[in-house]
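Colleague: Got model.txt for you, compact mmCIF, C-alpha atoms:
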# COMPACT_ATOMS: atom_id res chain seq x y z
CA MET A 1119 -55.59 -41.54 47.94
CA ARG A 1120 -58.03 -39.24 46.28
CA THR A 1121 -55.44 -36.50 46.28
CA VAL A 1122 -53.00 -38.84 44.56
CA GLN A 1123 -55.59 -39.72 41.91
CA VAL A 1124 -56.38 -36.11 41.23
CA THR A 1125 -52.69 -35.19 41.12
CA LEU A 1126 -52.04 -38.01 38.66
CA LEU A 1127 -54.91 -36.82 36.52
CA PHE A 1128 -53.47 -33.32 36.57
CA CYS A 1129 -50.05 -34.61 35.56
CA LEU A 1130 -51.51 -36.65 32.74
CA CYS A 1131 -53.41 -33.65 31.50
CA LEU A 1132 -50.39 -31.38 31.69
CA CYS A 1133 -48.36 -33.91 29.71
CA LEU A 1134 -51.08 -34.02 27.07
CA CYS A 1135 -51.18 -30.25 27.02
CA GLY A 1136 -47.47 -30.15 26.30
CA CYS A 1137 -48.02 -32.41 23.29
CA VAL A 1138 -50.77 -30.41 21.65
CA VAL A 1139 -49.63 -26.80 22.09
CA ALA A 1140 -48.79 -25.37 18.70
CA PRO A 1141 -45.26 -24.23 17.89
CA GLY A 1142 -44.67 -20.56 18.71
CA ALA A 1143 -44.26 -19.66 14.99
CA SER A 1144 -47.96 -19.75 14.16
CA PRO A 1145 -49.68 -16.37 14.49
CA SER A 1146 -52.03 -15.65 17.37
CA THR A 1147 -55.73 -15.22 16.67
CA GLN A 1148 -55.36 -11.64 17.89
CA GLN A 1149 -52.70 -10.93 15.26
CA VAL A 1150 -54.87 -12.40 12.53
CA ARG A 1151 -57.88 -10.37 13.67
CA ALA A 1152 -55.74 -7.24 13.53
CA LEU A 1153 -54.66 -8.18 10.00
CA ALA A 1154 -58.28 -8.72 8.94
CA ALA A 1155 -59.13 -5.28 10.32
CA GLN A 1156 -56.63 -3.79 7.86
CA ASP A 1157 -59.15 -4.44 5.07
CA ASP A 1158 -59.96 -0.72 5.12
CA ALA A 1159 -57.04 -0.48 2.67
CA ILE A 1160 -59.25 -2.32 0.17
CA THR A 1161 -62.25 -0.12 0.98
CA ASP A 1162 -60.16 3.00 0.40
CA PHE A 1163 -58.77 1.57 -2.83
CA SER A 1164 -62.29 0.80 -4.07
CA ALA A 1165 -63.37 4.39 -3.43
CA LEU A 1166 -60.44 5.67 -5.49
CA ALA A 1167 -61.10 3.12 -8.26
CA LEU A 1168 -64.65 4.43 -8.40
CA ARG A 1169 -63.39 8.01 -8.65
CA TYR A 1170 -61.10 6.98 -11.52
CA ARG A 1171 -64.04 5.31 -13.27
CA ASP A 1172 -66.11 8.51 -12.98
CA SER A 1173 -63.41 10.86 -14.29
CA TYR A 1174 -65.48 11.79 -17.36
CA GLU A 1175 -68.29 13.34 -15.29
CA ARG A 1176 -65.83 15.75 -13.69
CA LEU A 1177 -63.92 16.56 -16.88
CA GLN A 1178 -66.83 16.93 -19.26
CA PRO A 1179 -67.70 20.60 -18.53
CA TYR A 1180 -64.11 21.60 -19.30
CA LEU A 1181 -63.78 19.89 -22.70
CA ASP A 1182 -64.47 21.04 -26.25
CA THR A 1183 -66.30 18.78 -28.71
CA GLN A 1184 -63.19 17.01 -30.00
CA GLN A 1185 -61.75 16.48 -26.54
CA ASP A 1186 -65.12 15.28 -25.34
CA ALA A 1187 -65.31 12.61 -28.04
CA LEU A 1188 -61.91 11.21 -27.00
CA GLU A 1189 -62.83 11.33 -23.34
CA LYS A 1190 -66.08 9.47 -23.99
CA ARG A 1191 -64.13 6.61 -25.55
CA LEU A 1192 -61.83 6.56 -22.57
CA ASP A 1193 -64.83 6.63 -20.27
CA ARG A 1194 -66.14 3.40 -21.80
CA GLN A 1195 -62.74 1.73 -21.35
CA ARG A 1196 -62.55 2.84 -17.72
CA ARG A 1197 -66.04 1.53 -17.04
CA ASP A 1198 -65.24 -1.85 -18.64
CA MET A 1199 -62.05 -2.15 -16.63
CA TYR A 1200 -63.75 -1.20 -13.40
CA ARG A 1201 -65.72 -4.45 -13.38
CA ASP A 1202 -62.52 -6.51 -13.26
CA VAL A 1203 -61.01 -4.24 -10.65
CA ALA A 1204 -64.13 -4.54 -8.50
CA HIS A 1205 -63.83 -8.34 -8.67
CA ILE A 1206 -60.24 -8.25 -7.45
CA SER A 1207 -61.12 -5.90 -4.57
CA LEU A 1208 -64.08 -8.07 -3.62
CA ALA A 1209 -61.99 -11.25 -3.63
CA LEU A 1210 -59.38 -9.66 -1.36
CA SER A 1211 -61.91 -8.21 1.03
CA GLN A 1212 -63.82 -11.48 1.25
CA TYR A 1213 -60.61 -13.35 1.97
CA LEU A 1214 -59.68 -10.95 4.78
CA GLN A 1215 -63.18 -11.13 6.24
CA ALA A 1216 -63.04 -14.93 6.19
CA LEU A 1217 -59.65 -14.85 7.87
CA GLY A 1218 -61.04 -12.55 10.57
CA GLN A 1219 -63.98 -14.85 11.14
CA LEU A 1220 -61.70 -17.86 11.34
CA ALA A 1221 -59.67 -16.08 13.99
CA ARG A 1222 -62.74 -14.99 15.95
CA GLN A 1223 -64.74 -18.18 16.05
CA ASP A 1224 -64.58 -20.23 19.21
CA ARG A 1225 -64.23 -23.20 16.93
CA HIS A 1226 -62.99 -25.78 19.37
CA ALA A 1227 -64.66 -24.95 22.66
CA MET A 1228 -66.08 -28.49 22.94
CA THR A 1229 -68.22 -27.51 25.92
CA ALA A 1230 -70.68 -30.34 25.36
CA GLU A 1231 -67.92 -32.94 25.18
CA ILE A 1232 -66.34 -31.69 28.39
CA ASN A 1233 -69.60 -31.73 30.30
CA SER A 1234 -70.32 -35.29 29.22
CA ALA A 1235 -66.77 -36.21 30.22
CA GLY A 1236 -67.54 -34.83 33.67
CA VAL A 1237 -70.63 -37.04 33.86
CA ALA A 1238 -68.58 -40.05 32.74
CA ILE A 1239 -65.95 -39.41 35.42
CA ARG A 1240 -68.64 -39.12 38.05
CA ALA A 1241 -70.13 -42.40 36.93
CA TRP A 1242 -66.79 -44.16 37.09
CA PRO A 1243 -67.58 -47.54 38.65
CA ASP A 1244 -64.41 -47.53 40.76
CA ALA A 1245 -65.61 -45.25 43.47
CA GLY A 1246 -63.30 -42.97 45.36
CA ILE A 1247 -63.83 -39.92 43.22
CA ASN A 1248 -65.66 -37.14 44.98
CA ASP A 1249 -67.22 -33.98 43.55
CA GLU A 1250 -64.09 -32.00 44.24
CA ALA A 1251 -62.02 -34.34 42.10
CA VAL A 1252 -64.62 -34.33 39.36
CA THR A 1253 -64.64 -30.56 39.30
CA ALA A 1254 -60.84 -30.46 39.18
CA ALA A 1255 -60.73 -33.01 36.42
CA THR A 1256 -63.35 -31.13 34.42
CA ILE A 1257 -61.42 -27.88 34.77
CA VAL A 1258 -58.27 -29.56 33.53
CA LEU A 1259 -60.15 -31.19 30.66
CA ARG A 1260 -61.60 -27.82 29.71
CA LEU A 1261 -58.15 -26.27 29.80
CA LEU A 1262 -56.78 -29.08 27.69
CA ALA A 1263 -59.63 -28.78 25.20
CA ARG A 1264 -59.13 -25.03 24.99
CA LEU A 1265 -55.42 -25.38 24.39
CA GLN A 1266 -55.99 -28.11 21.86
CA GLY A 1267 -58.72 -26.01 20.24
CA GLU A 1268 -56.58 -22.92 20.16
CA ALA A 1269 -53.66 -24.89 18.75
CA GLY A 1270 -55.95 -26.34 16.11
CA GLN A 1271 -57.33 -22.94 15.26
CA ARG A 1272 -53.88 -21.43 15.04
CA ALA A 1273 -52.69 -24.27 12.82
CA VAL A 1274 -55.64 -23.68 10.48
CA LEU A 1275 -54.91 -19.94 10.43
CA ALA A 1276 -51.22 -20.50 9.76
CA GLN A 1277 -52.02 -22.82 6.89
CA THR A 1278 -54.59 -20.44 5.42
CA LEU A 1279 -52.16 -17.53 5.61
CA GLN A 1280 -49.40 -19.57 3.99
CA GLU A 1281 -51.59 -20.78 1.16
CA GLY A 1282 -53.11 -17.35 0.68
CA ASN A 1283 -49.89 -15.38 0.72
CA LEU A 1284 -48.88 -15.73 -2.92
CA PRO A 1285 -52.26 -14.80 -4.45
CA VAL A 1286 -52.76 -12.06 -1.86
CA GLN A 1287 -49.36 -10.54 -2.62
CA THR A 1288 -50.03 -10.70 -6.37
CA LEU A 1289 -53.45 -9.08 -6.03
CA LEU A 1290 -52.22 -6.39 -3.66
CA ALA A 1291 -49.33 -5.62 -6.00
CA THR A 1292 -51.85 -5.34 -8.85
CA LEU A 1293 -54.01 -2.94 -6.83
CA THR A 1294 -50.95 -0.87 -5.93
CA HIS A 1295 -49.94 -0.69 -9.58
CA LEU A 1296 -53.46 0.29 -10.62
CA LEU A 1297 -53.56 2.90 -7.88
CA SER A 1298 -50.39 4.46 -9.21
CA LEU A 1299 -51.92 4.62 -12.71
CA TYR A 1300 -55.13 6.13 -11.31
CA ASP A 1301 -53.04 8.67 -9.47
CA ARG A 1302 -51.20 9.74 -12.61
CA ALA A 1303 -54.40 9.85 -14.67
CA GLY A 1304 -56.00 11.86 -11.86
CA ASP A 1305 -53.14 14.36 -12.00
CA ASN A 1306 -53.78 14.84 -15.72
CA GLU A 1307 -57.47 15.33 -15.06
CA ARG A 1308 -56.60 17.92 -12.40
CA ASP A 1309 -54.21 19.74 -14.75
CA ILE A 1310 -56.81 19.89 -17.53
CA VAL A 1311 -59.47 21.31 -15.18
CA LEU A 1312 -57.18 23.73 -13.34
CA GLY A 1313 -55.28 24.61 -16.53
CA LEU A 1314 -58.43 25.70 -18.32
CA LEU A 1315 -59.52 27.81 -15.36
CA GLU A 1316 -56.05 29.33 -15.07
CA THR A 1317 -55.68 30.27 -18.75
CA ASP A 1318 -59.23 31.60 -19.01
CA ILE A 1319 -59.00 33.62 -15.79
CA ALA A 1320 -55.86 35.29 -17.20
CA PHE A 1321 -57.98 36.90 -19.93
CA THR A 1322 -60.87 38.14 -17.81
CA GLU A 1323 -59.42 41.59 -17.16
CA ALA A 1324 -62.21 43.61 -18.83
CA PRO A 1325 -64.54 45.27 -16.28
CA ALA A 1326 -67.53 43.51 -17.85
CA GLN A 1327 -65.94 40.16 -16.99
CA ARG A 1328 -65.35 40.93 -13.34
CA LEU A 1329 -68.17 38.73 -12.07
CA LEU A 1330 -67.04 35.89 -14.34
CA ALA A 1331 -63.50 36.22 -12.96
CA VAL A 1332 -64.73 36.10 -9.37
CA LEU A 1333 -66.87 33.02 -10.00
CA ALA A 1334 -64.10 31.28 -11.91
CA LYS A 1335 -61.64 31.93 -9.08
CA THR A 1336 -64.08 30.45 -6.56
CA VAL A 1337 -64.42 27.30 -8.65
CA GLN A 1338 -60.63 27.23 -9.05
CA GLN A 1339 -60.12 27.36 -5.27
CA SER A 1340 -62.57 24.58 -4.50
CA LYS A 1341 -61.21 22.39 -7.31
CA LYS A 1342 -57.65 22.90 -6.07
CA GLU A 1343 -58.70 21.78 -2.61
CA GLU A 1344 -60.62 18.76 -3.96
CA TYR A 1345 -57.62 17.52 -5.96
CA ARG A 1346 -55.25 18.18 -3.07
CA LEU A 1347 -57.35 16.05 -0.72
CA TYR A 1348 -57.61 13.22 -3.24
CA GLY A 1349 -53.83 13.36 -3.67
CA LEU A 1350 -53.49 12.78 0.07
CA ARG A 1351 -55.98 9.90 -0.04
CA HIS A 1352 -53.92 8.27 -2.77
CA THR A 1353 -50.79 8.47 -0.64
CA LEU A 1354 -52.56 7.12 2.43
CA THR A 1355 -54.16 4.23 0.53
CA ARG A 1356 -50.83 3.29 -1.03
CA GLN A 1357 -49.30 3.14 2.45
CA LYS A 1358 -52.20 1.06 3.77
CA LEU A 1359 -51.96 -1.45 0.91
CA SER A 1360 -48.25 -1.79 1.47
CA ALA A 1361 -48.71 -2.28 5.24
CA LEU A 1362 -51.36 -4.93 4.58
CA ALA A 1363 -49.08 -6.80 2.17
CA ARG A 1364 -46.18 -6.65 4.63
CA GLN A 1365 -48.25 -7.82 7.59
CA HIS A 1366 -49.79 -10.69 5.64
CA ALA A 1367 -46.37 -11.88 4.57
CA LEU A 1368 -45.03 -11.64 8.13
CA LEU A 1369 -47.91 -13.63 9.63
CA SER A 1370 -47.63 -16.27 6.94
CA GLY A 1371 -43.95 -16.64 7.75
CA MET A 1372 -42.88 -15.42 4.31
CA GLU A 1373 -40.46 -12.72 3.28
CA PRO A 1374 -42.31 -9.36 3.27
CA PRO A 1375 -42.54 -7.68 -0.16
CA MET B 770 -41.90 -19.62 -46.73
CA MET B 771 -45.24 -20.59 -45.24
CA VAL B 772 -46.52 -18.51 -42.37
CA THR B 773 -48.77 -20.39 -40.01
CA PRO B 774 -51.84 -18.50 -38.79
CA ASN B 775 -50.65 -18.63 -35.18
CA GLN B 776 -47.30 -17.10 -35.90
CA PRO B 777 -47.12 -13.47 -34.82
CA ALA B 778 -46.74 -11.03 -37.68
CA LEU B 779 -43.83 -9.28 -35.96
CA ALA B 780 -41.65 -11.52 -33.85
CA GLY B 781 -40.05 -8.57 -32.05
CA ALA B 782 -43.28 -6.71 -31.45
CA LEU B 783 -44.30 -8.40 -28.24
CA PRO B 784 -46.85 -6.40 -26.29
CA GLU B 785 -45.16 -4.46 -23.52
CA GLN B 786 -47.35 -3.07 -20.82
CA PRO B 787 -44.64 -0.95 -19.12
CA LEU B 788 -44.01 0.81 -22.43
CA ALA B 789 -47.55 2.24 -22.46
CA GLU B 790 -47.05 3.43 -18.94
CA GLN B 791 -43.67 5.02 -19.59
CA LEU B 792 -44.92 6.76 -22.71
CA GLY B 793 -47.86 8.03 -20.68
CA ASP B 794 -45.40 9.52 -18.19
CA GLU B 795 -43.40 11.11 -21.00
CA LEU B 796 -46.50 12.68 -22.54
CA THR B 797 -47.55 13.97 -19.11
CA LEU B 798 -44.12 15.53 -18.60
CA THR B 799 -44.23 17.08 -22.05
CA ALA B 800 -47.65 18.56 -21.21
CA ALA B 801 -46.26 19.94 -17.94
CA THR B 802 -43.33 21.57 -19.75
CA LEU B 803 -45.73 23.08 -22.26
CA HIS B 804 -47.90 24.40 -19.46
CA ALA B 805 -44.92 25.97 -17.66
CA ALA B 806 -43.93 27.77 -20.89
CA LEU B 807 -47.52 28.91 -21.39
CA ARG B 808 -47.68 30.24 -17.87
CA ARG B 809 -44.42 32.18 -18.40
CA ALA B 810 -45.76 33.68 -21.62
CA ILE B 811 -49.01 34.73 -19.90
CA ALA B 812 -47.08 36.31 -17.03
CA ARG B 813 -44.87 38.23 -19.51
CA ARG B 814 -47.76 39.71 -21.43
CA GLY B 815 -47.31 43.17 -19.90
CA GLU B 816 -43.64 43.36 -20.85
CA ASP B 817 -43.98 41.85 -24.32
CA GLY B 818 -46.28 44.61 -25.59
CA ALA B 819 -47.26 44.05 -29.23
CA ASN B 820 -45.57 40.61 -29.25
CA ALA B 821 -47.53 39.45 -26.23
CA ILE B 822 -49.21 36.08 -26.49
CA SER B 823 -52.85 36.38 -27.55
CA GLN B 824 -55.81 34.58 -25.99
CA GLN B 825 -56.24 32.59 -29.17
CA GLN B 826 -52.61 31.44 -29.06
CA VAL B 827 -53.05 30.50 -25.41
CA GLN B 828 -56.15 28.49 -26.28
CA THR B 829 -54.38 26.71 -29.13
CA ILE B 830 -51.43 25.78 -26.96
CA PHE B 831 -53.64 24.75 -24.07
CA ALA B 832 -55.67 22.54 -26.42
CA LEU B 833 -52.41 20.81 -27.31
CA GLU B 834 -51.64 20.37 -23.65
CA VAL B 835 -55.07 18.82 -23.06
CA ALA B 836 -54.56 16.50 -26.03
CA LEU B 837 -51.21 15.37 -24.59
CA ARG B 838 -52.78 14.69 -21.21
CA GLN B 839 -55.72 12.84 -22.73
CA GLN B 840 -53.35 10.72 -24.74
CA ALA B 841 -51.31 10.03 -21.62
CA ASN B 842 -54.47 8.94 -19.84
CA THR B 843 -55.40 6.72 -22.76
CA LEU B 844 -52.00 5.09 -22.41
CA TYR B 845 -52.46 4.68 -18.65
CA ALA B 846 -55.82 3.05 -19.29
CA ARG B 847 -54.14 0.84 -21.85
CA ALA B 848 -51.45 -0.08 -19.33
CA ALA B 849 -54.09 -0.84 -16.74
CA GLY B 850 -56.39 -2.82 -18.96
CA SER B 851 -54.42 -4.49 -21.68
CA VAL B 852 -51.09 -4.51 -23.40
CA LEU B 853 -49.55 -2.31 -26.00
CA ALA B 854 -48.29 -3.80 -29.24
CA VAL B 855 -45.21 -1.92 -30.24
CA LEU B 856 -41.70 -2.79 -31.37
CA ALA B 857 -39.77 -3.61 -28.22
CA GLY B 858 -36.57 -2.20 -29.72
CA GLU B 859 -38.19 1.19 -30.14
CA GLN B 860 -38.61 1.73 -26.45
CA GLN B 861 -35.20 3.22 -25.75
CA GLN B 862 -35.32 5.30 -28.87
CA LEU B 863 -38.68 6.78 -27.92
CA GLN B 864 -37.51 7.50 -24.41
CA SER B 865 -34.43 9.44 -25.42
CA LEU B 866 -36.33 11.28 -28.11
CA LEU B 867 -39.06 12.39 -25.76
CA LEU B 868 -36.41 13.55 -23.33
CA THR B 869 -34.86 15.68 -26.06
CA VAL B 870 -38.29 17.11 -26.83
CA ARG B 871 -38.81 18.16 -23.24
CA ARG B 872 -35.37 19.72 -22.99
CA THR B 873 -35.93 21.61 -26.20
CA MET B 874 -39.19 22.99 -24.92
CA GLU B 875 -37.54 24.07 -21.72
CA ARG B 876 -34.85 25.98 -23.62
CA HIS B 877 -37.00 27.80 -26.14
CA ASP B 878 -39.81 30.13 -25.34
CA ASP B 879 -40.96 30.52 -28.92
CA ALA B 880 -44.70 29.77 -29.21
CA ARG B 881 -44.43 28.59 -32.81
CA LEU B 882 -41.78 26.09 -31.90
CA TRP B 883 -43.82 24.67 -29.02
CA ILE B 884 -46.79 24.20 -31.29
CA GLY B 885 -44.68 22.37 -33.87
CA VAL B 886 -42.96 20.15 -31.36
CA ALA B 887 -46.08 19.44 -29.31
CA THR B 888 -47.93 18.50 -32.52
CA GLY B 889 -45.09 16.14 -33.37
CA VAL B 890 -45.27 14.50 -29.96
CA LEU B 891 -49.02 14.23 -30.28
CA ASN B 892 -48.78 12.54 -33.67
CA LEU B 893 -46.19 10.19 -32.27
CA GLY B 894 -48.54 9.38 -29.40
CA SER B 895 -51.43 8.53 -31.70
CA ALA B 896 -49.10 6.42 -33.85
CA VAL B 897 -48.10 4.49 -30.72
CA LEU B 898 -51.74 4.08 -29.74
CA SER B 899 -52.55 2.74 -33.19
CA GLY B 900 -49.89 0.10 -32.59
CA ASN B 901 -48.73 0.46 -36.19
CA PRO B 902 -44.91 0.22 -36.25
CA GLU B 903 -44.63 1.90 -39.66
CA ARG B 904 -46.62 4.92 -38.51
CA ILE B 905 -44.50 5.13 -35.36
CA LEU B 906 -41.29 5.20 -37.38
CA THR B 907 -42.67 7.85 -39.77
CA GLN B 908 -43.79 10.07 -36.89
CA LEU B 909 -40.47 9.61 -35.13
CA ALA B 910 -38.64 10.80 -38.24
CA ARG B 911 -40.95 13.82 -38.62
CA LEU B 912 -40.52 14.79 -34.99
CA ARG B 913 -36.75 14.61 -35.37
CA GLU B 914 -36.96 17.06 -38.28
CA ARG B 915 -38.90 19.55 -36.18
CA LEU B 916 -36.32 19.57 -33.41
CA PRO B 917 -33.78 22.40 -33.68
Let me see the file written as structure tokens.

Modeller:
Amino acid sequence: MRTVQVTLLFCLCLCLCGCVVAPGASPSTQQVRALAAQDDAITDFSALALRYRDSYERLQPYLDTQQDALEKRLDRQRRDMYRDVAHISLALSQYLQALGQLARQDRHAMTAEINSAGVAIRAWPDAGINDEAVTAATIVLRLLARLQGEAGQRAVLAQTLQEGNLPVQTLLATLTHLLSLYDRAGDNERDIVLGLLETDIAFTEAPAQRLLAVLAKTVQQSKKEEYRLYGLRHTLTRQKLSALARQHALLSGMEPP
Amino acid sequence: MMVTPNQPALAGALPEQPLAEQLGDELTLTAATLHAALRRAIARRGEDGANAISQQQVQTIFALEVALRQQANTLYARAAGSVLAVLAGEQQQLQSLLLTVRRTMERHDDARLWIGVATGVLNLGSAVLSGNPERILTQLARLRERLP
């Protein structure tokens, strides 16, 4: 008899489980956590935005008075713009962090509820339920609660991703566009710095200028390497931003950009 | 006819952000062409003898190159931060003209010509930055005259 009761309870629970399991389309918490971990794209972008903002400091030693005056004006513009750019980056990174937290939290564990349910079962006035049955029932309840909780969590995540997709795509596209402008401006900065070194080095043939030539060539080498590495960082960051946009769209069930 | 205060002064002159960006690219390319020519002239100094490019000429041309790059960066900043008020219809015209400028500079290795053309491009750039359609048209016409 007891076995029948327990079996019935199991069946009831399994039926309930079938009702509450989320449709397969919603992303798993693991997928969302992986997406949230892609926020290093934003960190990398922010570092490059900061480098763009500080262009004047690097250029200044290579400019004459007139060029310096123009660059100073540009410096103010870049600094003003940076504030807006920092806000966009912050908004995106906060969103991704929140998403990660949402996917990590054991939001629907309901441990307390399950334990009190176990007590209630035990205190069922119609006797005939032994400890074994109570334990079995509690395990099933816990399983049910976990499934229900997971389904609930996944539903919340799916909804968040769907609602967030449009603004996220817009902001990521903006960052990508800005990055491409920073990249081109950075190339001009590089060509001014390296160009001045190159044209000046060409006229340091006199023996008295030998030391100057050697020093200038050393600076030229290190500057070439610096700009080459930042060029690579630009490429990598662009790829990361694009991967982030694609993955977000995929998990939100939208067409990737 | 009454003009209401809210009516834009130039109906066709809607701000176009991509224009600033494209012009920035054109100025950058012009600077690169100028630099390539400069580099060739420096490399040829030994062969050119008395006609070799002087350090002062190199500095003058390089200063033009820097000005072109700074102007390009100003346009990129403009594209990033705000919008550029310029006649929309002028876009194509500017593009094809700047292309001609670059081709011309690639063909001719005459320092005087580069200086003239690069100055023309520079003036055009500052006219565009000023957002004054009349100045843009004047500079366009002047640049055309300089082209062989």

Colleague: What are the residues of chain A lining chain B at 6 Å or less? Count all atoms listed in the file, and put the answer as a list in words.

Modeller: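 Result: Leu1299, Ala1303, Asn1306 and Ile1310 of chain A.
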
Colleague: Mind pulling up the distance from CA of Ala1334 (chain A) to CA of Glu1316 (chain A)?

Modeller: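 Calculated distance between CA of Glu1316 (chain A) and CA of Ala1334 (chain A) is 8.9 Å.
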
Colleague: Provide the CA of Ser1211 (chain A) to CA of Ile1160 (chain A) distance in Å, to one decimal place.

Modeller: 6.5 Å

Colleague: Provide an axis-aligned box for all listed atoms of region 1205-1216 of chain A, padding each side by 3 Å; report its centre and its edge lengths in Å to one decimal, as lines of an AutoDock Vina configuration file.

Modeller:
center_x = -61.7
center_y = -10.4
center_z = -1.2
size_x = 10.7
size_y = 15.0
size_z = 20.9

Colleague: Residues at most 12 Å from region 1345-1350 of chain A, counting all atoms listed in the file, excluding those fewer than 5 positions away in the same chain, as a PyMOL selection string?

Modeller: chain A and resi 1162-1163+1165-1167+1169-1170+1176+1297-1298+1300-1312+1338-1340+1355-1357

Colleague: Write out as a PyMOL selection string the residues lying within 12 Å of Pro1285 (chain A), counting all atoms listed in the file and excluding same-chain residues fewer than 4 positions away.

Modeller: chain A and resi 1206+1209-1210+1213+1278-1281+1289-1292+1363+1366-1367

Colleague: What does the distance between CA of Glu1373 (chain A) and CA of Gln1287 (chain A) come to in Å, to one decimal place?

Modeller: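 Computing the Euclidean distance for CA of Glu1373 (chain A) and CA of Gln1287 (chain A) yields 10.9 Å.
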
Colleague: Pick out the closest residue to Gln1277 (chain A) from this set: A:Thr1294, A:Ser1370, A:Gln1149, A:Gln1178. Count all atoms listed in the file.

Modeller: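 Of A:Thr1294, A:Ser1370, A:Gln1149, A:Gln1178, the one nearest Gln1277 (chain A), counting all atoms listed in the file, is A:Ser1370.
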
Colleague: Determine the nearest neighbour of His1295 (chain A) from the options A:Leu1192, A:Leu1168, A:Val1337, A:Val1203, counting only C-alpha atoms.

Modeller: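 Counting only C-alpha atoms, the residue closest to His1295 (chain A) is A:Val1203.
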